[in-house]
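Containing TSV, C-alpha atoms and all ligand atoms: query.tsv.
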```
chain	number	residue	atom	x	y	z
U	1	MET	CA	-9.31	59.40	13.84
U	2	MET	CA	-6.33	58.57	16.02
U	3	MET	CA	-6.82	55.76	18.46
U	4	THR	CA	-5.85	56.64	22.01
U	5	ARG	CA	-3.51	54.34	23.89
U	6	ARG	CA	-6.32	53.52	26.31
U	7	GLN	CA	-8.58	52.57	23.42
U	8	ALA	CA	-5.85	50.44	21.86
U	9	ILE	CA	-5.36	48.54	25.13
U	10	LYS	CA	-9.10	48.06	25.42
U	11	ASN	CA	-9.32	46.71	21.86
U	12	THR	CA	-6.46	44.30	22.50
U	13	ALA	CA	-8.17	43.07	25.65
U	14	LEU	CA	-11.43	42.59	23.75
U	15	ALA	CA	-9.64	40.66	21.03
U	16	SER	CA	-8.14	38.39	23.70
U	17	VAL	CA	-11.58	37.71	25.11
U	18	VAL	CA	-12.87	36.77	21.66
U	19	LEU	CA	-9.90	34.47	21.15
U	20	ALA	CA	-10.48	32.83	24.52
U	21	THR	CA	-14.16	32.39	23.78
U	22	LEU	CA	-13.82	31.05	20.28
U	23	PRO	CA	-10.57	29.10	20.13
U	24	GLY	CA	-11.95	26.85	17.41
U	25	ALA	CA	-13.04	29.58	15.08
U	26	MET	CA	-9.81	31.49	15.55
U	27	ALA	CA	-7.45	28.55	15.48
U	28	GLN	CA	-4.34	28.80	13.40
U	29	THR	CA	-4.72	26.70	10.32
U	30	ASN	CA	-1.28	25.17	10.66
U	31	SER	CA	-2.13	23.60	13.99
U	32	SER	CA	-2.43	19.82	13.94
U	33	LEU	CA	-3.86	19.72	17.46
U	34	PRO	CA	-7.56	19.09	17.99
U	35	VAL	CA	-9.35	22.32	18.75
U	36	THR	CA	-11.48	22.36	21.86
U	37	THR	CA	-14.24	24.68	22.93
U	38	SER	CA	-15.96	25.26	26.22
U	39	GLY	CA	-18.21	22.27	25.50
U	40	PRO	CA	-20.26	20.21	25.65
U	41	PHE	CA	-19.23	19.71	22.05
U	42	THR	CA	-15.66	19.59	20.83
U	43	LEU	CA	-14.14	19.56	17.38
U	44	PRO	CA	-12.98	16.04	16.56
U	45	PRO	CA	-9.55	15.88	14.93
U	46	LEU	CA	-9.39	14.78	11.32
U	47	PRO	CA	-8.94	11.01	11.13
U	48	TYR	CA	-5.94	11.58	8.79
U	49	ALA	CA	-3.40	14.28	7.97
U	50	TYR	CA	-4.54	17.53	6.32
U	51	ASP	CA	-2.66	16.62	3.16
U	52	ALA	CA	-3.78	12.96	3.11
U	53	LEU	CA	-6.46	13.49	0.47
U	54	GLU	CA	-4.14	15.22	-2.01
U	55	PRO	CA	-4.31	15.67	-4.93
U	56	TYR	CA	-8.10	15.29	-4.87
U	57	ILE	CA	-8.83	17.52	-1.89
U	58	ASP	CA	-6.12	20.10	-1.29
U	59	THR	CA	-4.37	20.70	2.03
U	60	GLU	CA	-5.35	24.35	2.40
U	61	THR	CA	-9.03	23.58	1.86
U	62	MET	CA	-8.86	20.84	4.51
U	63	HIS	CA	-7.27	23.26	7.01
U	64	ILE	CA	-9.84	25.97	6.46
U	65	HIS	CA	-12.77	23.59	6.17
U	66	HIS	CA	-11.98	21.68	9.37
U	67	ASP	CA	-10.20	24.25	11.56
U	68	ARG	CA	-12.43	27.21	10.75
U	69	HIS	CA	-15.78	26.18	9.24
U	70	HIS	CA	-16.35	23.03	11.27
U	71	ALA	CA	-14.91	24.68	14.38
U	72	ALA	CA	-17.34	27.58	14.00
U	73	TYR	CA	-20.34	25.20	13.92
U	74	VAL	CA	-19.09	23.60	17.15
U	75	ALA	CA	-18.52	26.96	18.85
U	76	ASN	CA	-21.90	28.31	17.79
U	77	LEU	CA	-23.69	25.13	18.85
U	78	ASN	CA	-22.11	25.38	22.31
U	79	LYS	CA	-23.04	29.05	22.45
U	80	ALA	CA	-26.68	28.27	21.62
U	81	LEU	CA	-26.84	25.74	24.46
U	82	VAL	CA	-25.24	27.96	27.13
U	83	ASP	CA	-28.54	28.94	28.74
U	84	TRP	CA	-30.13	25.50	28.37
U	85	PRO	CA	-28.56	23.25	31.00
U	86	GLU	CA	-31.20	20.59	30.38
U	87	TYR	CA	-30.02	20.21	26.79
U	88	ARG	CA	-26.38	20.46	27.79
U	89	MET	CA	-26.96	17.54	30.15
U	90	ARG	CA	-28.59	15.49	27.42
U	91	MET	CA	-25.39	16.02	25.46
U	92	ASN	CA	-23.28	14.15	27.99
U	93	ALA	CA	-23.57	11.03	25.88
U	94	PRO	CA	-20.64	10.50	23.52
U	95	PHE	CA	-20.96	13.44	21.21
U	96	ILE	CA	-22.41	11.93	18.07
U	97	GLU	CA	-25.14	9.97	19.89
U	98	GLY	CA	-26.04	13.01	21.99
U	99	LEU	CA	-26.32	15.20	18.95
U	100	GLU	CA	-28.42	12.60	17.15
U	101	VAL	CA	-30.99	12.88	19.94
U	102	LEU	CA	-31.44	16.58	19.21
U	103	LEU	CA	-31.38	16.31	15.43
U	104	LYS	CA	-33.85	13.44	15.33
U	105	ASP	CA	-36.51	15.56	16.98
U	106	LEU	CA	-35.83	19.22	16.27
U	107	ASN	CA	-39.38	20.10	17.27
U	108	SER	CA	-38.55	19.12	20.84
U	109	VAL	CA	-35.80	21.74	20.94
U	110	PRO	CA	-36.91	25.09	22.45
U	111	GLU	CA	-38.05	27.38	19.70
U	112	ASN	CA	-35.60	30.18	20.35
U	113	ILE	CA	-32.57	27.92	19.87
U	114	ARG	CA	-34.09	25.55	17.30
U	115	THR	CA	-32.68	27.32	14.25
U	116	ALA	CA	-29.23	27.55	15.84
U	117	VAL	CA	-29.31	23.84	16.69
U	118	ARG	CA	-30.59	22.95	13.23
U	119	ASN	CA	-27.84	24.94	11.49
U	120	ASN	CA	-24.90	24.45	13.84
U	121	GLY	CA	-25.86	21.04	15.21
U	122	GLY	CA	-26.42	19.90	11.65
U	123	GLY	CA	-23.14	21.51	10.61
U	124	HIS	CA	-21.26	19.75	13.40
U	125	TYR	CA	-22.86	16.36	12.71
U	126	ASN	CA	-22.56	16.53	8.93
U	127	HIS	CA	-18.89	17.49	9.01
U	128	SER	CA	-18.05	14.94	11.72
U	129	VAL	CA	-19.31	12.14	9.50
U	130	PHE	CA	-18.03	13.75	6.28
U	131	TRP	CA	-14.37	13.47	7.39
U	132	GLN	CA	-14.93	9.77	8.09
U	133	MET	CA	-16.66	9.25	4.76
U	134	MET	CA	-13.35	10.03	3.06
U	135	LYS	CA	-9.93	8.41	3.34
U	136	PRO	CA	-6.59	8.42	1.59
U	137	ALA	CA	-6.39	5.83	-1.19
U	138	GLY	CA	-10.16	5.54	-1.10
U	139	GLY	CA	-12.53	5.39	-4.02
U	140	GLY	CA	-13.36	2.35	-6.06
U	141	GLU	CA	-16.66	0.62	-5.40
U	142	PRO	CA	-18.41	-0.71	-2.32
U	143	THR	CA	-18.32	-4.41	-1.55
U	144	GLY	CA	-20.54	-6.91	0.24
U	145	GLU	CA	-24.06	-6.11	1.41
U	146	LEU	CA	-23.92	-2.46	0.40
U	147	ALA	CA	-22.74	-3.29	-3.12
U	148	LYS	CA	-25.63	-5.73	-3.46
U	149	ALA	CA	-28.18	-3.20	-2.16
U	150	ILE	CA	-26.88	-0.51	-4.51
U	151	GLY	CA	-27.30	-2.93	-7.42
U	152	THR	CA	-30.85	-3.75	-6.34
U	153	ASN	CA	-31.88	-0.13	-5.77
U	154	PHE	CA	-30.11	1.66	-8.61
U	155	GLY	CA	-29.60	-1.08	-11.20
U	156	SER	CA	-25.81	-0.84	-11.02
U	157	PHE	CA	-23.01	1.10	-9.37
U	158	ALA	CA	-22.84	3.30	-12.46
U	159	GLY	CA	-26.55	3.97	-12.15
U	160	PHE	CA	-26.12	4.96	-8.51
U	161	LYS	CA	-23.17	7.20	-9.31
U	162	HIS	CA	-25.08	8.94	-12.08
U	163	GLN	CA	-28.01	9.74	-9.78
U	164	PHE	CA	-25.75	10.84	-6.93
U	165	VAL	CA	-23.78	13.20	-9.18
U	166	GLU	CA	-27.04	14.64	-10.48
U	167	ALA	CA	-28.27	15.30	-6.93
U	168	ALA	CA	-24.97	16.92	-5.93
U	169	THR	CA	-24.87	19.04	-9.07
U	170	LYS	CA	-28.44	20.25	-8.69
U	171	VAL	CA	-28.12	21.53	-5.10
U	172	PHE	CA	-28.89	25.21	-5.54
U	173	GLY	CA	-26.57	27.27	-3.38
U	174	SER	CA	-25.18	25.54	-0.29
U	175	GLY	CA	-26.06	22.04	0.78
U	176	TRP	CA	-25.29	18.35	0.67
U	177	ALA	CA	-25.96	15.24	-1.42
U	178	TRP	CA	-26.50	11.99	0.48
U	179	LEU	CA	-26.86	8.26	0.10
U	180	VAL	CA	-29.19	7.35	2.94
U	181	LEU	CA	-31.12	4.45	4.34
U	182	LYS	CA	-34.74	5.39	4.82
U	183	ASP	CA	-37.59	3.03	5.69
U	184	GLY	CA	-35.21	0.15	5.11
U	185	LYS	CA	-34.33	1.25	1.56
U	186	LEU	CA	-31.41	3.04	-0.01
U	187	ALA	CA	-32.18	6.49	-1.39
U	188	ILE	CA	-30.36	9.51	-2.75
U	189	GLN	CA	-31.37	12.89	-1.41
U	190	SER	CA	-30.04	16.37	-0.99
U	191	THR	CA	-30.41	18.76	1.92
U	192	PRO	CA	-30.13	22.55	1.88
U	193	ASN	CA	-27.74	24.46	4.15
U	194	GLN	CA	-26.66	22.20	7.05
U	195	ASP	CA	-29.91	20.27	7.33
U	196	CYS	CA	-29.18	16.70	8.37
U	197	PRO	CA	-30.86	13.58	6.94
U	198	ILE	CA	-31.33	12.40	10.53
U	199	SER	CA	-33.92	15.17	11.03
U	200	GLN	CA	-35.87	13.64	8.14
U	201	GLY	CA	-35.84	10.12	9.54
U	202	ALA	CA	-33.00	8.91	7.32
U	203	ILE	CA	-29.62	7.42	8.20
U	204	PRO	CA	-26.74	9.00	6.25
U	205	LEU	CA	-24.34	6.44	4.78
U	206	LEU	CA	-22.36	8.70	2.47
U	207	GLY	CA	-22.49	12.46	2.06
U	208	LEU	CA	-20.91	15.10	-0.11
U	209	ASP	CA	-20.55	18.69	1.06
U	210	VAL	CA	-21.19	20.95	-1.94
U	211	TRP	CA	-20.88	24.27	-0.10
U	212	GLU	CA	-18.44	26.46	-2.01
U	213	HIS	CA	-16.13	26.46	1.04
U	214	ALA	CA	-15.53	22.77	0.31
U	215	TYR	CA	-13.99	23.36	-3.12
U	216	TYR	CA	-13.68	27.00	-4.13
U	217	LEU	CA	-9.94	27.41	-3.43
U	218	LYS	CA	-9.01	24.57	-5.79
U	219	HIS	CA	-11.87	24.47	-8.25
U	220	GLN	CA	-13.44	27.95	-8.04
U	221	ASN	CA	-16.93	27.69	-9.54
U	222	LYS	CA	-16.40	24.25	-11.11
U	223	ARG	CA	-18.38	22.07	-8.74
U	224	ALA	CA	-18.43	19.24	-11.29
U	225	ASP	CA	-14.61	18.94	-11.11
U	226	TYR	CA	-14.78	18.74	-7.32
U	227	ILE	CA	-17.46	16.02	-7.45
U	228	ALA	CA	-15.42	14.03	-9.98
U	229	ALA	CA	-12.27	14.29	-7.80
U	230	TRP	CA	-14.16	13.34	-4.62
U	231	TRP	CA	-14.99	9.83	-5.85
U	232	ASN	CA	-11.26	9.04	-5.49
U	233	VAL	CA	-11.34	9.54	-1.72
U	234	VAL	CA	-14.69	7.97	-0.83
U	235	ASN	CA	-14.43	5.66	2.18
U	236	TRP	CA	-16.68	2.79	1.14
U	237	ASP	CA	-15.71	0.83	4.26
U	238	PHE	CA	-17.36	3.50	6.41
U	239	ALA	CA	-20.54	3.51	4.31
U	240	GLY	CA	-20.61	-0.30	4.30
U	241	ASP	CA	-20.24	-0.49	8.09
U	242	LYS	CA	-22.99	2.10	8.60
U	243	PHE	CA	-25.24	0.16	6.25
U	244	HIS	CA	-24.56	-3.10	8.06
U	245	THR	CA	-25.24	-1.57	11.49
U	246	ALA	CA	-28.40	0.19	10.32
U	247	THR	CA	-29.91	-2.81	8.57
U	248	ASN	CA	-29.21	-5.06	11.54
U	249	ALA	CA	-30.60	-2.73	14.19
U	250	ASN	CA	-34.07	-3.35	15.53
U	251	ILE	CA	-35.39	0.17	15.04
U	301	MN	MN	-18.51	22.24	4.86
```
When written as structure tokens, how does the structure in this file appear?
Amino acid sequence: MMMTRRQAIKNTALASVVLATLPGAMAQTNSSLPVTTSGPFTLPPLPYAYDALEPYIDTETMHIHHDRHHAAYVANLNKALVDWPEYRMRMNAPFIEGLEVLLKDLNSVPENIRTAVRNNGGGHYNHSVFWQMMKPAGGGEPTGELAKAIGTNFGSFAGFKHQFVEAATKVFGSGWAWLVLKDGKLAIQSTPNQDCPISQGAIPLLGLDVWEHAYYLKHQNKRADYIAAWWNVVNWDFAGDKFHTATNANI
């Protein structure tokens, strides 16, 4: 069926509205500018260049993962909160603290937006910390207090690594593997979808996104290759700082 000129104009106008509404989700992948949405949440820029984790994490994956997937979680989280000014107001704290309030007590979130907050709030939080849990020229082993605690809890760094790889490998479908602090102890756990350890009373120290969108372009179905490559970009300083803060907080 031929499209009339009027229809074509209408479609173009609609497309513009969608673009204006979802700048994050529609952002060009070659943009290095931080993508913003209507708020209260915004997409934080990567703490390094898109190609900084090469050759372990490829540039194109970083563009799509950050500019499209993470941006979509932010946009959808904002959308879910549009009609809930009370929750939008609670989000006025610096973003990560504000989001933690919601994720810590999902049952306090109104039922009709709870799933959206769980999925998209979790997605936003998990990815925001994930970018910081990696860095160029990372890898190696943790030092200081965290190294000592890993030795105590898992026998050795190799023992920890073995268990973490097993957890990441065994996630069925989409999810995450985590090193967390729970009840004052280190533990390895996995979460399905975008569920966040914070909702389970745990503090995430290190996390690995094993959704296919995190590795499929470079590794296709070979998740094990992606996991092996990821160890080379782990930011142990971040995990160590989180551990130090968490173990010294009176909570
Ligand atoms: Mn992801």
Please give me, as a VMD selection string, the residues lying within 10 Å of ligand MN 301 (chain U) when counting only C-alpha atoms and all ligand atoms. chain U and resid 62 64 to 66 68 to 70 73 123 to 124 126 to 127 130 174 to 176 193 to 194 208 to 215
Quick one: everything within 12 Å of U:Glu166, counting all atoms listed in the file, minus sequence neighbours fewer than 2 positions away in the same chain. Send it as a PyMOL selection string. chain U and resi 159-164+168-172+176-178+188-190+223-224+227-228
Print the selection's residues with C-alpha atoms to a file, as an mmCIF file, keeping the file's coordinate frame.
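Saved the output as out.cif:
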```
data_model
loop_
_atom_site.group_PDB
_atom_site.id
_atom_site.type_symbol
_atom_site.label_atom_id
_atom_site.label_comp_id
_atom_site.auth_asym_id
_atom_site.auth_seq_id
_atom_site.Cartn_x
_atom_site.Cartn_y
_atom_site.Cartn_z
ATOM 1 C CA GLY U 159 -26.550 3.970 -12.150
ATOM 2 C CA PHE U 160 -26.120 4.960 -8.510
ATOM 3 C CA LYS U 161 -23.170 7.200 -9.310
ATOM 4 C CA HIS U 162 -25.080 8.940 -12.080
ATOM 5 C CA GLN U 163 -28.010 9.740 -9.780
ATOM 6 C CA PHE U 164 -25.750 10.840 -6.930
ATOM 7 C CA ALA U 168 -24.970 16.920 -5.930
ATOM 8 C CA THR U 169 -24.870 19.040 -9.070
ATOM 9 C CA LYS U 170 -28.440 20.250 -8.690
ATOM 10 C CA VAL U 171 -28.120 21.530 -5.100
ATOM 11 C CA PHE U 172 -28.890 25.210 -5.540
ATOM 12 C CA TRP U 176 -25.290 18.350 0.670
ATOM 13 C CA ALA U 177 -25.960 15.240 -1.420
ATOM 14 C CA TRP U 178 -26.500 11.990 0.480
ATOM 15 C CA ILE U 188 -30.360 9.510 -2.750
ATOM 16 C CA GLN U 189 -31.370 12.890 -1.410
ATOM 17 C CA SER U 190 -30.040 16.370 -0.990
ATOM 18 C CA ARG U 223 -18.380 22.070 -8.740
ATOM 19 C CA ALA U 224 -18.430 19.240 -11.290
ATOM 20 C CA ILE U 227 -17.460 16.020 -7.450
ATOM 21 C CA ALA U 228 -15.420 14.030 -9.980
#
```
Who sits within 8 Å of U:Ala116, only C-alpha atoms, same chain under 5 positions skipped, as number ranges by chain: U: 76-77, 80, 121
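Of the listed residues U:Lys104, U:Lys185, U:Lys135, U:Arg114, the one whose atoms come nearest to U:Pro47 is U:Lys135, with distances taken using all atoms listed in the file.
For the pair atom CA of U:Leu205 and atom CA of U:Met133, the separation is 8.2 Å.
With all atoms listed in the file as the basis for measurement, U:Ala187 is the residue among U:Ala187, U:Ile57, U:Val165, U:Leu43 that approaches U:Ile150 most closely.
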Contacts of U:Gly138 at 7 Å or less, counting all atoms listed in the file, minus same-chain residues fewer than 2 places along, as a VMD selection string? chain U and resid 134 to 136 140 232 to 235
Write out, as a compact mmCIF listing (two decimals), in the coordinates of the input, the residues just selected, with C-alpha atoms.
```
# COMPACT_ATOMS: atom_id res chain seq x y z
CA MET U 134 -13.35 10.03 3.06
CA LYS U 135 -9.93 8.41 3.34
CA PRO U 136 -6.59 8.42 1.59
CA GLY U 140 -13.36 2.35 -6.06
CA ASN U 232 -11.26 9.04 -5.49
CA VAL U 233 -11.34 9.54 -1.72
CA VAL U 234 -14.69 7.97 -0.83
CA ASN U 235 -14.43 5.66 2.18
```
Name all residues at most 12 Å from U:Val117 (count only C-alpha atoms; drop same-chain ones fewer than 5 positions away) and give them as a count of residues only. 35
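Note that the spacing between atom CA of U:Phe243 and atom CA of U:Leu146 amounts to 6.5 Å.
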Between atom CA of U:Trp231 and atom CA of U:Thr61, what distance in Å does the model show, to one decimal?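 Between atom CA of U:Trp231 and atom CA of U:Thr61 the gap works out to 16.9 Å.
Comparing U:Ala158, U:Ala49, U:Leu206, U:Val129 by their smallest distance to U:Trp230, the closest is U:Leu206 (using all atoms listed in the file).
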Quick one: residues within 9 Å of U:Tyr48, only C-alpha atoms, excluding same-chain residues fewer than 3 positions away - as a list in words?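 So, after excluding close chain neighbours, the residues are Pro45, Asp51, Ala52, Leu53, Trp131, Lys135 and Pro136 of chain U.
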Select, from U:Asn248, U:Gln132, U:Thr191, U:Asn221, the residue with the minimum atom-to-atom distance to U:Trp236, counting only C-alpha atoms.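 Among U:Asn248, U:Gln132, U:Thr191, U:Asn221, it is U:Gln132 that comes nearest to U:Trp236.
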What box, with edges along x, y and z, holds each listed atom of stretch 228-242 of chain U when 6 Å is added on every side, and can you state its centre and edge lengths in Å to one decimal, as AutoDock Vina command-line options?
```
--center_x -17.1 --center_y 6.9 --center_z -0.7 --size_x 23.7 --size_y 26.8 --size_z 30.6
```
Using all atoms listed in the file, the residue out of U:Ile113, U:Ala137, U:Ile203, U:Leu179 with shortest distance to U:Ala249 is U:Ile203
